[in-house]
Amino acid sequence: MFVCAVLGIVLGALFVFAPIHGICTSSAGATAMPPGATPGPPATFGPQVCGSEALWQRQPIFPLPFFAVLVWSLAPLLSYYGARLRVWGDPGVGTLVMVVGLVLEATTLVSFGAAPFFVPFVFVPLLVATAITFATSAQPPRRMG
């Protein structure tokens, strides 16, 4: 569960600050025709320039997508805290916090840009870790003797 929390924070920072978003630009130019003139040559296209930029360079990030990425980055940390609460003896609140964290992380599925990053690397491991946490903590302690 701790690994999922760290992955969420690291991936959120990379998603906002790393130059992983592709960009291509091109220009087109044509001369305006005077009224009544026959069509002239077609528009000429300039060179296409491609590269990569960070999300904060490409578009304004406040308030969205900054808040969405913040939620998707911190939701695994919330689930980790819920697992710790379950271990510390508060299973009701811990379960609620874990489920809220998992549901918040599941909202990444609505984003076409973030889902390819967050779903396989954060959401799926968090789902597996949550299922394992529920399965292992549901067993009553064994008595020796």
# chains A, B, ... in the order shown; residues from 1 in each chain; ligands from 1
$ residues_around --residues "region 67-76 of chain A" --least-positions-apart "4" --cutoff "9 Å" --atoms "only C-alpha atoms" --output "count of residues only"
34
$ select_by_dssp --residues "region 15-91 of chain A" --states "strand (DSSP E)" --output "PyMOL selection string"
chain A and resi 21-25+28-29+44-45+49-53
$ select_by_dssp --residues "region 51-141 of chain A" --states "helix (DSSP H, G or I)" --output "ChimeraX atom specification"
/A:55-58,66-87,91-110,115-137
$ residues_around --residues "Gln48 (chain A)" --least-positions-apart "4" --cutoff "12 Å" --atoms "only C-alpha atoms" --output "list in words"
Ile23, Cys24, Thr25, Ser26, Ser27 and Ala28 of chain A
$ write_last_selection --atoms "N, CA, C and O atoms" --output "PDB file, in the first residue's frame"
ATOM      1  N   ILE A  23       3.568  17.743 -28.858  1.00  0.00           N
ATOM      2  CA  ILE A  23       3.006  18.938 -29.475  1.00  0.00           C
ATOM      3  C   ILE A  23       3.560  19.049 -30.891  1.00  0.00           C
ATOM      4  O   ILE A  23       4.745  18.797 -31.126  1.00  0.00           O
ATOM      5  N   CYS A  24       2.711  19.362 -31.849  1.00  0.00           N
ATOM      6  CA  CYS A  24       3.121  19.610 -33.226  1.00  0.00           C
ATOM      7  C   CYS A  24       2.418  20.879 -33.712  1.00  0.00           C
ATOM      8  O   CYS A  24       1.225  21.064 -33.472  1.00  0.00           O
ATOM      9  N   THR A  25       3.157  21.743 -34.378  1.00  0.00           N
ATOM     10  CA  THR A  25       2.583  22.965 -34.931  1.00  0.00           C
ATOM     11  C   THR A  25       2.982  23.092 -36.395  1.00  0.00           C
ATOM     12  O   THR A  25       4.032  22.617 -36.819  1.00  0.00           O
ATOM     13  N   SER A  26       2.124  23.739 -37.152  1.00  0.00           N
ATOM     14  CA  SER A  26       2.367  23.988 -38.565  1.00  0.00           C
ATOM     15  C   SER A  26       1.662  25.287 -38.920  1.00  0.00           C
ATOM     16  O   SER A  26       0.736  25.712 -38.237  1.00  0.00           O
ATOM     17  N   SER A  27       2.076  25.898 -39.988  1.00  0.00           N
ATOM     18  CA  SER A  27       1.423  27.136 -40.409  1.00  0.00           C
ATOM     19  C   SER A  27       1.003  27.007 -41.872  1.00  0.00           C
ATOM     20  O   SER A  27       1.567  26.222 -42.628  1.00  0.00           O
ATOM     21  N   ALA A  28       0.006  27.776 -42.258  1.00  0.00           N
ATOM     22  CA  ALA A  28      -0.478  27.799 -43.633  1.00  0.00           C
ATOM     23  C   ALA A  28      -0.613  29.249 -44.050  1.00  0.00           C
ATOM     24  O   ALA A  28      -1.055  30.093 -43.273  1.00  0.00           O
TER      25      ALA A  28
END
$ closest_residue --among "A:Phe112, A:Trp88, A:Trp56, A:Phe121" --to "Ile20 (chain A)" --atoms "only C-alpha atoms"
A:Trp56
$ residues_around --residues "His21 (chain A)" --least-positions-apart "2" --cutoff "10 Å" --atoms "only C-alpha atoms" --output "PyMOL selection string"
chain A and resi 15-16+18-19+23+51-55+57-58+113
$ write_last_selection --atoms "N, CA, C and O atoms" --output "compact mmCIF listing (two decimals), in the first residue's frame"
# COMPACT_ATOMS: atom_id res chain seq x y z
N PHE A 15 3.54 13.87 -14.23
CA PHE A 15 2.48 14.23 -15.17
C PHE A 15 2.39 15.74 -15.35
O PHE A 15 2.11 16.22 -16.45
N VAL A 16 2.61 16.50 -14.32
CA VAL A 16 2.52 17.96 -14.41
C VAL A 16 3.83 18.60 -14.90
O VAL A 16 3.81 19.49 -15.74
N ALA A 18 7.01 16.89 -16.03
CA ALA A 18 7.90 16.26 -17.01
C ALA A 18 7.43 16.55 -18.43
O ALA A 18 6.23 16.63 -18.70
N PRO A 19 8.36 16.71 -19.36
CA PRO A 19 7.97 16.99 -20.76
C PRO A 19 7.53 15.71 -21.47
O PRO A 19 8.25 15.14 -22.28
N ILE A 23 3.57 17.74 -28.86
CA ILE A 23 3.01 18.94 -29.47
C ILE A 23 3.56 19.05 -30.89
O ILE A 23 4.75 18.80 -31.13
N GLY A 51 7.54 18.40 -30.93
CA GLY A 51 8.37 18.33 -29.74
C GLY A 51 7.55 17.84 -28.57
O GLY A 51 6.46 17.29 -28.74
N SER A 52 8.07 18.03 -27.38
CA SER A 52 7.33 17.65 -26.18
C SER A 52 7.45 18.76 -25.15
O SER A 52 8.46 19.45 -25.08
N GLU A 53 6.39 18.90 -24.39
CA GLU A 53 6.32 19.92 -23.36
C GLU A 53 5.70 19.35 -22.11
O GLU A 53 5.00 18.34 -22.16
N ALA A 54 5.93 20.01 -21.00
CA ALA A 54 5.27 19.65 -19.75
C ALA A 54 3.86 20.22 -19.76
O ALA A 54 3.55 21.15 -20.51
N LEU A 55 3.00 19.64 -18.95
CA LEU A 55 1.61 20.07 -18.90
C LEU A 55 1.49 21.54 -18.51
O LEU A 55 0.70 22.29 -19.08
N GLN A 57 3.49 23.87 -19.16
CA GLN A 57 3.92 24.72 -20.28
C GLN A 57 2.88 24.75 -21.39
O GLN A 57 2.78 25.72 -22.12
N ARG A 58 2.13 23.69 -21.51
CA ARG A 58 1.23 23.51 -22.64
C ARG A 58 -0.11 24.23 -22.44
O ARG A 58 -0.69 24.72 -23.38
N GLY A 113 -6.27 11.90 -20.97
CA GLY A 113 -4.85 12.21 -20.90
C GLY A 113 -4.15 11.55 -19.72
O GLY A 113 -3.01 11.11 -19.84
$ residues_around --residues "Phe134 (chain A)" --least-positions-apart "6" --cutoff "10 Å" --atoms "only C-alpha atoms" --output "count of residues only"
5
$ residues_around --residues "Val99 (chain A)" --least-positions-apart "6" --cutoff "10 Å" --atoms "only C-alpha atoms" --output "list in words"
Ala75, Leu78, Ser79, Gly82, Val93, Glu105, Leu127 and Thr130 of chain A
$ atom_distance --atom1 "CA of Pro120 (chain A)" --atom2 "CA of Val3 (chain A)"
13.8 Å
